[in-house]
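Down below is the structure, laid out as structure tokens.
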There are 2 protein chains.
Amino acid sequence: MFEFNLLAKQGRARRGVFNTPHGELQTPVFAPVGTQATVKTLTPDHVRELGASLVLSNTYHLYLRPGDELVAEMGGLHKFMQWHGPMLTDSGGFQVFSLALTRKIDEDGVTFKSHIDGSTHRFTPEKSIAIQENLGADIIMAFDECSDPNDRAYTIKAMQRTHRWAERSLLAHTRADQALFGIVQGGVDPQLRATSAEFISAMPFPGIAIGGLSVGETKQEMHDTLDIVCPLLPENKPRYLMGVGTPEDLINGIARGVDIFDCVLPTRLARHHAAFSSTGRLNLMNATFKHDQRPIDEQCDCYTCRTFTRAYIRHLINARELLAGTLISIHNLRALIRLVEDIRGYIAEGSFESRIPALLEQWDNNAQRKKSGN
Amino acid sequence: MFEFNLLAKQGRARRGVFNTPHGELQTPVFAPVGTQATVKTLTPDHVRELGASLVLSNTYHLYLRPGDELVAEMGGLHKFMQWHGPMLTDSGGFQVFSLALTRKIDEDGVTFKSHIDGSTHRFTPEKSIAIQENLGADIIMAFDECSDPNDRAYTIKAMQRTHRWAERSLLAHTRADQALFGIVQGGVDPQLRATSAEFISAMPFPGIAIGGLSVGETKQEMHDTLDIVCPLLPENKPRYLMGVGTPEDLINGIARGVDIFDCVLPTRLARHHAAFSSTGRLNLMNATFKHDQRPIDEQCDCYTCRTFTRAYIRHLINARELLAGTLISIHNLRALIRLVEDIRGYIAEGSFESRIPALLEQWDNNAQRKKSGN
């Protein structure tokens with residue numbers, strides 16, 4: 001169980017397979033986010049049909065609602081939400097720091113107030129692991145402390161506590177059918193990141209996550225951090241870059257040696273009527289599309305693009321029909337999953353490195369169109 | 001085209017087949033409503049998979065948004081919304097009277113203000129038919145005037161105008177691939193209903209609709225009206241009871257000779273978390289269901305019941321996840337379509353009449369549970 005086999009490498013990019021109790025994960029992989037035990041607006045059949053292999057769900061949200069004990073009573077998260085492929089839960093650490101109404105950190109853990117009803121709760125490394133064992137995902141995370149990357153003194157303190165909490169998470173973990181990943185912290189400080197990468201790599205985790213990125217740092221800082229961290233991580237363990245997943249980030253992350261990604265971006269953009277396309281990011285509410293009989297992306301093989309016109313989707317948006325969000329979510333998730341599928345093929349055939357400039361240009365083009373408001 | 005063949009009769013209940021350019025309709029049939037060119041929260045694949053054969057869409061809504069000319073330019077309503085089975089559009093008459101901000105009726109037509117933006121528009125019988133020809137449904141409706149059933153003088157006037165508008169609708173209608181149905185009006189007055197039934201029956205419509213019911217009259221008045229109207233209608237034409245579709249209404253309507261029904265109830269209830277079940281109507285937000293591992297209805301064969309527990313659906317409702325509405329809509333529509341499928345079998349085997357008391361008791365049971373708040 002949890003064997004990771006590298007099938008191909010090109011530069012630092014890796015093509016691998018990670019074995020989980022709910023099936024093999026072909027890496028690199030992009031995971032849709034199902035925060036509250038559902039990928040928003042999609043049935044699990046939709047998620048499977050668009051090619052997703054790994055789904056992430058959030059420990060903080062599920063602990064608060066419906067409660068991890070209820071999920072356990074219902075047979076675990078896979079059965080509860082009827083997703084029968086590999087699943088991953090985070091530790092709740094990031095959400096406690098970003099969503100809870102208040103939080104008070106001490107050496108033992110964090111006391112916080114729920115963003116739902118203001119009620120008081122406490123997470124410790126042991127509690128986070130116990131919740132994640134109740135939820136029953138295939139991949140679970142050590143409890144960590146995020147820091148403000150602009151506050152170096154605090155970043156050091158948070159990193160050191162994350163290391164101590166990683167040890168406690170390992171000790172607390174009991175289920176052999178769950179892979180517990182350690183998390184590298186250290187903000188955007190090269191020295192701290194190197195220290196953390198070495199510390200976490202020395203522990204018997206079957207996989208390593210890189211936390212604390214995509215939290216306000218520049219793209220250059222993200223790339224520099226990956227350039228420092230990835231070479232220090234063991235070759236034979238999968239690497240998971242948490243919460244990161246613009247198309248450019250996927251390309252740049254894979255090129256630097258990352259294997260697993262997740263991001264709410266595709267479904268969040270969909271709720272704001274924005275769609276990825278191979279000719280730029282589109283806002284489908286735009287009047288330009290009123291008479292447009294083309295699919296969102298003529299290159300795309302998703303259900304939405306095989307079936308519906310831009311004109312129809314624009315009508316649904318204007319008429320405030322929820323089906324619009326469903327259809328654009330299917331498309332956006334498929335776009336990122338197809339990008340990663342393509343890159344897996346490129347790594348296997350040895351063409352990824354030479355294709356990076358073209359891939360980035362394509363997705364930079366998107367960024368430029370986004371700037372111009374199209 | 002538009003041949004209607006009666007396969008079986010039992011009492012006044014009829015089992016038939018109506019041929020349309022987009023396939024055969026097995027009758028009795030219940031049509032989900034796709035007001036704005038979508039059955040709310042469902043993909044057309046969902047609608048097909050739950051066994052729907054006929055989908056209704058609303059002329060008033062589509063005329064205002066996205067516009068019938070745009071739909072025509074996109075290849076018609078079937079192609080626009082990707083529903084490739086039989087479709088029906090209403091005339092817009094009822095919506096002008098129930099939804100428009102203001103309306104002014106004259107002999108020629110109705111001037112009204114849009115409920116969307118207050119803009120002024122005018123429908124005449126000729127305009128309603130032209131819009132419906134642009135939309136391109138298989139079954140379209142004559143333009144009619146609804147009246148207040150409590151105002152007999154106005155009901156007479158509206159009925160007489162409906163008859164003149166029926167003649168103008170017939171004259172205006174040009175597309176041989178669309179079946180134009182006439183509409184019987186006359187409120188709840190037996191004499192007026194008989195007059196209208198005879199008048200509309202004498203015209204060369206391939207099907208007859210019964211309008212102006214389910215607008216505030218009692219169930220007894222609805223049944224009495226059907227008892228007067230149906231025996232006066234030609235045997236060899238399908239009969240469509242507009243906008244009616246509680247389970248009890250379907251049973252009672254079919255028993256009185258109705259072939260086609262439509263209603264927003266299944267999808268509207270779903271948005272309010274209420275589900276049909278063979279043991280009563282359920283509000284799935286209820287705390288009773290927190291730990292309930294059963295499907296909504298153990299007798300049901302829909303995707304939702306084959307896949308998810310009440311506890312999961314209750315969680316989705318509490319977490320304000322839109323998937324709840326999708327899953328309950330699938331179930332509620334399937335419940336009514338399965339009821340009608342069952343009744344088709346009962347009529348064919350000659351057991352419908354003897355089953356009516358049990359069927360009504362089952363659905364009366366629902367009404368009682370609803371009263372008791374379960």
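Chain labels follow the order of the structure tokens: the first chain is A, the next B, and so on; residue numbering restarts at 1 in every chain, and ligands are counted from 1 in their shown order.
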
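Residue-level DSSP output for range 50-176 of chain A, from the backbone, shows strand (DSSP E or B) at A:Val55, A:Leu56, A:Ser57, A:Met87, A:Leu88, A:Thr89, A:Arg103, A:Lys104, A:Ile105, A:Val110, A:Thr111, A:Phe112, A:Lys113, A:Thr120, A:His121, A:Arg122, A:Phe123, A:Ile139, A:Ile140, A:Met141.
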
Please dump the current selection as a PDB file, in the first residue's frame; keep C-alpha atoms.
```pdb
ATOM      1  CA  VAL A  55     -10.847  14.465  -4.687  1.00  0.00           C
ATOM      2  CA  LEU A  56      -9.936  16.669  -1.724  1.00  0.00           C
ATOM      3  CA  SER A  57     -12.257  17.456   1.147  1.00  0.00           C
ATOM      4  CA  MET A  87      -9.517  10.953  -1.493  1.00  0.00           C
ATOM      5  CA  LEU A  88      -7.393  13.402   0.442  1.00  0.00           C
ATOM      6  CA  THR A  89      -8.245  15.477   3.504  1.00  0.00           C
ATOM      7  CA  ARG A 103      -8.030  31.665  17.006  1.00  0.00           C
ATOM      8  CA  LYS A 104      -5.596  31.355  19.902  1.00  0.00           C
ATOM      9  CA  ILE A 105      -2.486  29.264  19.356  1.00  0.00           C
ATOM     10  CA  VAL A 110      -5.412  25.997  18.551  1.00  0.00           C
ATOM     11  CA  THR A 111      -8.656  27.172  20.123  1.00  0.00           C
ATOM     12  CA  PHE A 112     -10.975  28.815  17.611  1.00  0.00           C
ATOM     13  CA  LYS A 113     -14.498  30.003  16.989  1.00  0.00           C
ATOM     14  CA  THR A 120     -15.675  27.423  20.418  1.00  0.00           C
ATOM     15  CA  HIS A 121     -13.600  24.405  19.336  1.00  0.00           C
ATOM     16  CA  ARG A 122     -10.067  23.128  19.773  1.00  0.00           C
ATOM     17  CA  PHE A 123      -7.760  21.390  17.308  1.00  0.00           C
ATOM     18  CA  ILE A 139      -4.254  10.557   2.089  1.00  0.00           C
ATOM     19  CA  ILE A 140      -4.340  12.669   5.262  1.00  0.00           C
ATOM     20  CA  MET A 141      -2.223  15.580   6.475  1.00  0.00           C
TER      21      MET A 141
END
```

>> Applying 9 Å and only C-alpha atoms, which residues near range 194-204 of chain B remain after dropping the ones on its own chain fewer than 2 positions away? List them as a count of residues only.
In response: 26

Superposed chain A (ref. Chain B, all C-alpha pairs in order) as a short mmCIF file (atom, residue, chain, number, x, y, z; two decimals) with C-alpha atoms, in the first residue's frame:
```cif
data_model
loop_
_atom_site.label_atom_id
_atom_site.label_comp_id
_atom_site.auth_asym_id
_atom_site.auth_seq_id
_atom_site.Cartn_x
_atom_site.Cartn_y
_atom_site.Cartn_z
CA MET A 1 -47.49 13.04 -37.97
CA PHE A 2 -49.40 13.78 -34.76
CA GLU A 3 -51.40 10.58 -35.00
CA PHE A 4 -52.91 9.60 -31.65
CA ASN A 5 -53.61 5.91 -31.14
CA LEU A 6 -55.51 4.60 -28.17
CA LEU A 7 -53.99 1.29 -27.07
CA ALA A 8 -56.28 0.60 -24.13
CA LYS A 9 -59.11 2.11 -22.15
CA GLN A 10 -60.44 1.39 -18.71
CA GLY A 11 -63.47 3.41 -17.72
CA ARG A 12 -62.52 6.91 -18.87
CA ALA A 13 -58.78 6.30 -18.36
CA ARG A 14 -56.82 6.06 -21.59
CA ARG A 15 -53.52 4.48 -22.59
CA GLY A 16 -52.27 5.87 -25.91
CA VAL A 17 -49.39 6.86 -28.14
CA PHE A 18 -48.99 10.32 -29.67
CA ASN A 19 -46.54 10.63 -32.58
CA THR A 20 -44.37 13.77 -32.72
CA PRO A 21 -41.42 14.75 -34.93
CA HIS A 22 -39.11 14.07 -31.97
CA GLY A 23 -40.50 10.66 -31.08
CA GLU A 24 -43.50 8.82 -29.71
CA LEU A 25 -45.16 9.98 -26.51
CA GLN A 26 -46.57 7.16 -24.44
CA THR A 27 -49.64 8.53 -22.67
CA PRO A 28 -50.64 9.26 -19.97
CA VAL A 29 -47.49 11.34 -19.65
CA PHE A 30 -46.14 13.81 -17.08
CA ALA A 31 -43.91 16.60 -18.43
CA PRO A 32 -41.19 18.26 -16.33
CA VAL A 33 -41.14 22.04 -16.76
CA GLY A 34 -38.05 23.74 -18.19
CA THR A 35 -39.31 27.32 -17.93
CA GLN A 36 -36.18 29.06 -19.17
CA ALA A 37 -34.95 26.33 -21.55
CA THR A 38 -33.65 24.21 -18.66
CA VAL A 39 -35.30 21.93 -16.13
CA LYS A 40 -33.91 23.74 -13.10
CA THR A 41 -30.58 22.36 -11.78
CA LEU A 42 -30.61 19.33 -14.12
CA THR A 43 -28.64 18.52 -17.26
CA PRO A 44 -30.68 17.15 -20.19
CA ASP A 45 -28.90 13.83 -19.53
CA HIS A 46 -30.40 13.80 -16.01
CA VAL A 47 -33.85 14.54 -17.46
CA ARG A 48 -33.58 11.72 -19.99
CA GLU A 49 -32.17 9.24 -17.48
CA LEU A 50 -35.03 9.79 -15.05
CA GLY A 51 -37.45 8.71 -17.76
CA ALA A 52 -38.94 12.01 -18.93
CA SER A 53 -40.31 11.87 -22.47
CA LEU A 54 -41.89 15.32 -22.84
CA VAL A 55 -40.47 18.64 -21.59
CA LEU A 56 -42.43 21.89 -21.37
CA SER A 57 -40.92 25.33 -21.79
CA ASN A 58 -42.51 28.77 -21.35
CA THR A 59 -43.12 31.10 -24.27
CA TYR A 60 -43.42 34.22 -22.10
CA HIS A 61 -40.03 33.63 -20.45
CA LEU A 62 -38.17 32.66 -23.61
CA TYR A 63 -39.66 35.56 -25.59
CA LEU A 64 -38.33 37.96 -22.95
CA ARG A 65 -35.02 36.15 -22.42
CA PRO A 66 -33.06 35.16 -24.53
CA GLY A 67 -35.66 36.03 -27.19
CA ASP A 68 -37.39 33.64 -29.57
CA GLU A 69 -35.47 35.00 -32.55
CA LEU A 70 -32.19 34.12 -30.90
CA VAL A 71 -33.50 30.61 -30.17
CA ALA A 72 -34.53 30.27 -33.84
CA GLU A 73 -31.10 31.48 -34.95
CA MET A 74 -29.55 28.82 -32.71
CA GLY A 75 -31.54 26.13 -34.50
CA GLY A 76 -34.64 26.06 -32.29
CA LEU A 77 -35.34 25.13 -28.71
CA HIS A 78 -34.50 21.42 -29.00
CA LYS A 79 -31.00 22.19 -30.24
CA PHE A 80 -30.52 25.24 -27.99
CA MET A 81 -31.20 23.35 -24.76
CA GLN A 82 -30.11 19.95 -26.13
CA TRP A 83 -33.34 18.17 -25.36
CA HIS A 84 -33.94 15.88 -28.33
CA GLY A 85 -37.26 14.38 -27.28
CA PRO A 86 -40.76 15.85 -27.69
CA MET A 87 -41.28 19.38 -26.40
CA LEU A 88 -44.28 21.54 -25.65
CA THR A 89 -44.55 25.31 -25.30
CA ASP A 90 -47.47 27.15 -23.75
CA SER A 91 -48.90 30.26 -25.39
CA GLY A 92 -47.67 32.78 -22.83
CA GLY A 93 -51.26 33.66 -22.00
CA PHE A 94 -51.21 32.40 -18.44
CA GLN A 95 -47.83 34.02 -17.64
CA VAL A 96 -48.93 37.39 -19.00
CA PHE A 97 -51.86 37.21 -16.59
CA SER A 98 -49.91 35.84 -13.62
CA LEU A 99 -46.37 37.24 -13.92
CA ALA A 100 -46.29 40.47 -15.94
CA LEU A 101 -46.13 43.68 -13.88
CA THR A 102 -49.17 45.20 -15.64
CA ARG A 103 -51.45 44.02 -18.46
CA LYS A 104 -54.14 45.65 -20.58
CA ILE A 105 -56.41 43.38 -22.58
CA ASP A 106 -58.26 44.39 -25.71
CA GLU A 107 -59.95 42.36 -28.40
CA ASP A 108 -56.79 42.18 -30.47
CA GLY A 109 -54.38 41.09 -27.70
CA VAL A 110 -52.61 42.03 -24.47
CA THR A 111 -50.12 44.80 -23.74
CA PHE A 112 -47.97 44.06 -20.70
CA LYS A 113 -44.86 45.05 -18.81
CA SER A 114 -42.05 42.52 -18.39
CA HIS A 115 -41.51 41.23 -14.84
CA ILE A 116 -37.77 41.34 -15.58
CA ASP A 117 -37.20 44.98 -16.52
CA GLY A 118 -40.62 46.65 -16.77
CA SER A 119 -40.33 47.06 -20.54
CA THR A 120 -43.59 47.12 -22.54
CA HIS A 121 -44.54 44.25 -24.89
CA ARG A 122 -47.60 43.06 -26.76
CA PHE A 123 -48.90 39.54 -27.36
CA THR A 124 -51.65 38.75 -29.84
CA PRO A 125 -52.72 35.28 -30.98
CA GLU A 126 -50.61 35.83 -34.13
CA LYS A 127 -47.60 36.97 -32.09
CA SER A 128 -47.84 34.02 -29.69
CA ILE A 129 -47.93 31.58 -32.61
CA ALA A 130 -45.03 33.34 -34.35
CA ILE A 131 -42.95 33.10 -31.14
CA GLN A 132 -43.84 29.43 -30.72
CA GLU A 133 -42.93 28.77 -34.35
CA ASN A 134 -39.55 30.37 -33.70
CA LEU A 135 -39.07 28.21 -30.62
CA GLY A 136 -40.08 25.11 -32.59
CA ALA A 137 -41.63 22.81 -29.96
CA ASP A 138 -43.54 19.75 -31.19
CA ILE A 139 -46.73 20.77 -29.40
CA ILE A 140 -47.75 24.44 -29.20
CA MET A 141 -50.76 26.20 -27.69
CA ALA A 142 -53.41 28.61 -28.92
CA PHE A 143 -53.28 32.02 -27.22
CA ASP A 144 -55.92 32.17 -24.50
CA GLU A 145 -57.24 34.45 -21.77
CA CYS A 146 -57.42 33.21 -18.21
CA SER A 147 -60.12 34.62 -15.99
CA ASP A 148 -60.91 34.89 -12.31
CA PRO A 149 -63.14 31.83 -11.69
CA ASN A 150 -65.08 33.84 -9.09
CA ASP A 151 -66.17 36.48 -11.63
CA ARG A 152 -68.75 34.82 -13.91
CA ALA A 153 -69.36 37.81 -16.15
CA TYR A 154 -65.63 38.16 -16.82
CA THR A 155 -65.26 34.38 -17.23
CA ILE A 156 -67.86 34.45 -20.03
CA LYS A 157 -66.12 37.36 -21.75
CA ALA A 158 -62.69 35.74 -21.42
CA MET A 159 -63.99 32.40 -22.70
CA GLN A 160 -65.59 33.98 -25.75
CA ARG A 161 -62.41 35.90 -26.50
CA THR A 162 -60.40 32.67 -26.04
CA HIS A 163 -62.62 31.10 -28.71
CA ARG A 164 -62.03 33.96 -31.13
CA TRP A 165 -58.31 33.86 -30.34
CA ALA A 166 -58.33 30.09 -30.97
CA GLU A 167 -59.62 30.73 -34.49
CA ARG A 168 -56.94 33.37 -35.06
CA SER A 169 -54.26 31.06 -33.63
CA LEU A 170 -55.29 28.33 -36.08
CA LEU A 171 -55.17 30.75 -39.00
CA ALA A 172 -51.77 32.09 -37.93
CA HIS A 173 -50.20 28.67 -37.55
CA THR A 174 -47.99 27.63 -40.49
CA ARG A 175 -45.53 24.91 -39.41
CA ALA A 176 -46.69 21.39 -40.30
CA ASP A 177 -44.16 19.91 -37.88
CA GLN A 178 -45.92 21.48 -34.89
CA ALA A 179 -49.22 20.31 -33.39
CA LEU A 180 -51.32 23.30 -32.33
CA PHE A 181 -53.65 22.49 -29.43
CA GLY A 182 -56.79 24.49 -28.65
CA ILE A 183 -57.58 25.41 -25.04
CA VAL A 184 -60.88 24.94 -23.24
CA GLN A 185 -61.66 27.71 -20.72
CA GLY A 186 -64.82 28.59 -18.77
CA GLY A 187 -63.69 28.70 -15.15
CA VAL A 188 -65.55 26.35 -12.82
CA ASP A 189 -68.96 26.98 -14.35
CA PRO A 190 -70.34 23.68 -15.73
CA GLN A 191 -72.36 25.34 -18.48
CA LEU A 192 -69.48 27.54 -19.67
CA ARG A 193 -67.06 24.61 -19.59
CA ALA A 194 -69.44 22.52 -21.69
CA THR A 195 -69.86 25.36 -24.19
CA SER A 196 -66.12 25.81 -24.44
CA ALA A 197 -65.40 22.08 -24.73
CA GLU A 198 -67.87 21.79 -27.60
CA PHE A 199 -66.60 24.89 -29.34
CA ILE A 200 -62.92 23.90 -29.20
CA SER A 201 -63.70 20.25 -30.05
CA ALA A 202 -65.39 21.36 -33.25
CA MET A 203 -62.18 23.00 -34.50
CA PRO A 204 -59.43 21.11 -36.38
CA PHE A 205 -56.93 21.00 -33.52
CA PRO A 206 -54.89 17.74 -33.25
CA GLY A 207 -55.13 17.96 -29.45
CA ILE A 208 -57.10 19.79 -26.78
CA ALA A 209 -55.86 21.45 -23.62
CA ILE A 210 -57.88 22.21 -20.52
CA GLY A 211 -56.75 25.56 -19.13
CA GLY A 212 -57.71 27.67 -16.16
CA LEU A 213 -57.52 24.92 -13.54
CA SER A 214 -55.23 24.66 -10.53
CA VAL A 215 -55.69 28.43 -10.13
CA GLY A 216 -57.36 28.49 -6.72
CA GLU A 217 -60.46 26.34 -7.21
CA THR A 218 -61.12 23.37 -4.92
CA LYS A 219 -60.11 19.81 -5.84
CA GLN A 220 -63.83 18.99 -6.09
CA GLU A 221 -64.32 21.82 -8.58
CA MET A 222 -61.37 20.55 -10.61
CA HIS A 223 -62.80 17.03 -10.66
CA ASP A 224 -66.31 18.26 -11.51
CA THR A 225 -64.91 20.33 -14.36
CA LEU A 226 -63.00 17.34 -15.77
CA ASP A 227 -66.14 15.23 -15.42
CA ILE A 228 -67.98 17.73 -17.62
CA VAL A 229 -65.24 18.53 -20.14
CA CYS A 230 -63.59 15.18 -20.91
CA PRO A 231 -66.71 13.31 -22.09
CA LEU A 232 -67.34 16.17 -24.57
CA LEU A 233 -63.85 15.96 -26.11
CA PRO A 234 -63.13 13.81 -29.19
CA GLU A 235 -61.83 10.33 -28.33
CA ASN A 236 -59.13 10.39 -30.97
CA LYS A 237 -57.23 13.47 -29.76
CA PRO A 238 -54.89 13.77 -26.78
CA ARG A 239 -56.08 15.86 -23.83
CA TYR A 240 -53.70 18.03 -21.88
CA LEU A 241 -54.53 19.37 -18.39
CA MET A 242 -52.29 22.43 -18.14
CA GLY A 243 -50.14 23.15 -15.07
CA VAL A 244 -51.61 20.37 -12.97
CA GLY A 245 -49.48 17.70 -11.36
CA THR A 246 -49.67 16.75 -7.72
CA PRO A 247 -49.63 12.96 -7.47
CA GLU A 248 -53.32 12.97 -6.48
CA ASP A 249 -54.13 15.23 -9.44
CA LEU A 250 -52.41 12.80 -11.81
CA ILE A 251 -54.39 9.85 -10.49
CA ASN A 252 -57.68 11.76 -10.52
CA GLY A 253 -56.99 13.37 -13.89
CA ILE A 254 -56.08 10.10 -15.61
CA ALA A 255 -59.17 8.46 -14.13
CA ARG A 256 -61.26 11.23 -15.76
CA GLY A 257 -59.66 10.86 -19.20
CA VAL A 258 -56.65 13.22 -19.25
CA ASP A 259 -53.55 12.16 -21.24
CA ILE A 260 -50.92 14.88 -20.67
CA PHE A 261 -49.88 16.79 -17.53
CA ASP A 262 -47.16 19.26 -16.59
CA CYS A 263 -46.28 20.91 -13.30
CA VAL A 264 -43.41 22.80 -11.65
CA LEU A 265 -44.22 21.12 -8.31
CA PRO A 266 -41.50 18.41 -8.31
CA THR A 267 -38.66 20.86 -8.97
CA ARG A 268 -40.15 23.63 -6.83
CA LEU A 269 -40.59 21.27 -3.86
CA ALA A 270 -37.00 20.13 -4.37
CA ARG A 271 -35.74 23.68 -3.94
CA HIS A 272 -37.60 23.73 -0.62
CA HIS A 273 -36.05 20.40 0.42
CA ALA A 274 -39.32 18.46 0.16
CA ALA A 275 -39.40 15.01 -1.41
CA PHE A 276 -42.17 12.68 -2.49
CA SER A 277 -41.94 9.22 -1.00
CA SER A 278 -44.11 6.15 -0.88
CA THR A 279 -44.39 6.66 2.89
CA GLY A 280 -45.30 10.34 2.77
CA ARG A 281 -43.85 13.67 1.75
CA LEU A 282 -40.56 14.30 3.57
CA ASN A 283 -38.81 17.55 4.43
CA LEU A 284 -35.21 16.42 4.23
CA MET A 285 -33.91 19.31 6.33
CA ASN A 286 -35.66 17.71 9.29
CA ALA A 287 -33.29 16.65 12.11
CA THR A 288 -34.99 13.24 12.06
CA PHE A 289 -32.87 12.39 9.04
CA LYS A 290 -29.50 13.31 10.52
CA HIS A 291 -28.42 9.68 10.97
CA ASP A 292 -30.76 8.13 8.40
CA GLN A 293 -28.86 5.77 6.11
CA ARG A 294 -31.90 4.98 3.95
CA PRO A 295 -32.49 6.52 0.52
CA ILE A 296 -35.29 9.10 0.23
CA ASP A 297 -37.61 6.26 -0.83
CA GLU A 298 -36.63 2.62 -0.59
CA GLN A 299 -39.12 1.85 -3.39
CA CYS A 300 -37.55 4.34 -5.81
CA ASP A 301 -35.23 3.49 -8.71
CA CYS A 302 -33.87 7.01 -9.36
CA TYR A 303 -30.16 7.93 -9.38
CA THR A 304 -30.53 9.79 -6.09
CA CYS A 305 -32.17 6.85 -4.30
CA ARG A 306 -29.78 4.31 -5.81
CA THR A 307 -26.80 6.38 -4.64
CA PHE A 308 -27.29 8.65 -1.62
CA THR A 309 -28.62 8.50 1.95
CA ARG A 310 -31.09 10.88 3.54
CA ALA A 311 -28.28 11.82 5.97
CA TYR A 312 -26.07 12.96 3.10
CA ILE A 313 -28.83 14.96 1.42
CA ARG A 314 -29.70 16.58 4.76
CA HIS A 315 -26.03 17.52 5.15
CA LEU A 316 -26.02 19.13 1.68
CA ILE A 317 -29.13 21.14 2.59
CA ASN A 318 -27.62 22.31 5.88
CA ALA A 319 -24.35 23.19 4.18
CA ARG A 320 -26.32 25.12 1.50
CA GLU A 321 -24.81 22.97 -1.23
CA LEU A 322 -26.75 23.29 -4.50
CA LEU A 323 -26.32 19.59 -5.21
CA ALA A 324 -29.19 19.02 -2.74
CA GLY A 325 -31.66 20.67 -5.14
CA THR A 326 -30.32 18.65 -8.06
CA LEU A 327 -30.61 15.34 -6.22
CA ILE A 328 -34.11 15.99 -4.84
CA SER A 329 -35.31 17.26 -8.26
CA ILE A 330 -34.14 14.03 -9.88
CA HIS A 331 -36.01 12.05 -7.25
CA ASN A 332 -39.25 14.07 -7.30
CA LEU A 333 -39.50 14.03 -11.09
CA ARG A 334 -38.76 10.32 -11.21
CA ALA A 335 -41.43 9.68 -8.54
CA LEU A 336 -44.17 11.31 -10.67
CA ILE A 337 -42.93 9.79 -13.92
CA ARG A 338 -42.82 6.34 -12.31
CA LEU A 339 -46.34 6.83 -10.96
CA VAL A 340 -47.56 7.60 -14.48
CA GLU A 341 -45.54 4.69 -15.96
CA ASP A 342 -47.15 2.39 -13.41
CA ILE A 343 -50.61 3.72 -14.25
CA ARG A 344 -49.97 3.11 -17.98
CA GLY A 345 -49.33 -0.53 -17.11
CA TYR A 346 -52.42 -0.70 -14.88
CA ILE A 347 -54.65 0.69 -17.66
CA ALA A 348 -53.17 -1.78 -20.16
CA GLU A 349 -53.80 -4.73 -17.85
CA GLY A 350 -57.20 -3.42 -16.77
CA SER A 351 -56.34 -3.00 -13.10
CA PHE A 352 -56.25 0.82 -12.84
CA GLU A 353 -59.81 1.35 -11.63
CA SER A 354 -59.49 -1.17 -8.83
CA ARG A 355 -56.16 0.33 -7.77
CA ILE A 356 -57.35 3.95 -7.59
CA PRO A 357 -58.42 3.81 -3.92
CA ALA A 358 -55.04 2.37 -2.87
CA LEU A 359 -53.11 4.83 -5.03
CA LEU A 360 -55.08 7.77 -3.64
CA GLU A 361 -54.71 6.50 -0.10
CA GLN A 362 -50.97 6.30 -0.57
CA TRP A 363 -50.83 9.88 -1.80
CA ASP A 364 -53.48 11.10 0.66
CA ASN A 365 -51.22 9.69 3.31
CA ASN A 366 -48.64 12.09 1.94
CA ALA A 367 -51.02 14.96 2.24
CA GLN A 368 -51.75 14.00 5.85
CA ARG A 369 -48.07 13.76 6.72
CA LYS A 370 -47.51 17.10 5.12
CA LYS A 371 -50.20 18.54 7.39
CA SER A 372 -48.52 17.04 10.43
CA GLY A 373 -45.30 18.76 9.38
CA ASN A 374 -43.24 15.68 8.60
#
```

>> Among range 23-163 of chain B, which residues does DSSP mark as helix (DSSP H, G or I) when it is run on the backbone? Keep the chain and numbering as in the structure and answer as a ChimeraX atom specification.
In response: /B:44-49,59-64,68-73,77-81,93-98,125-135,152-163
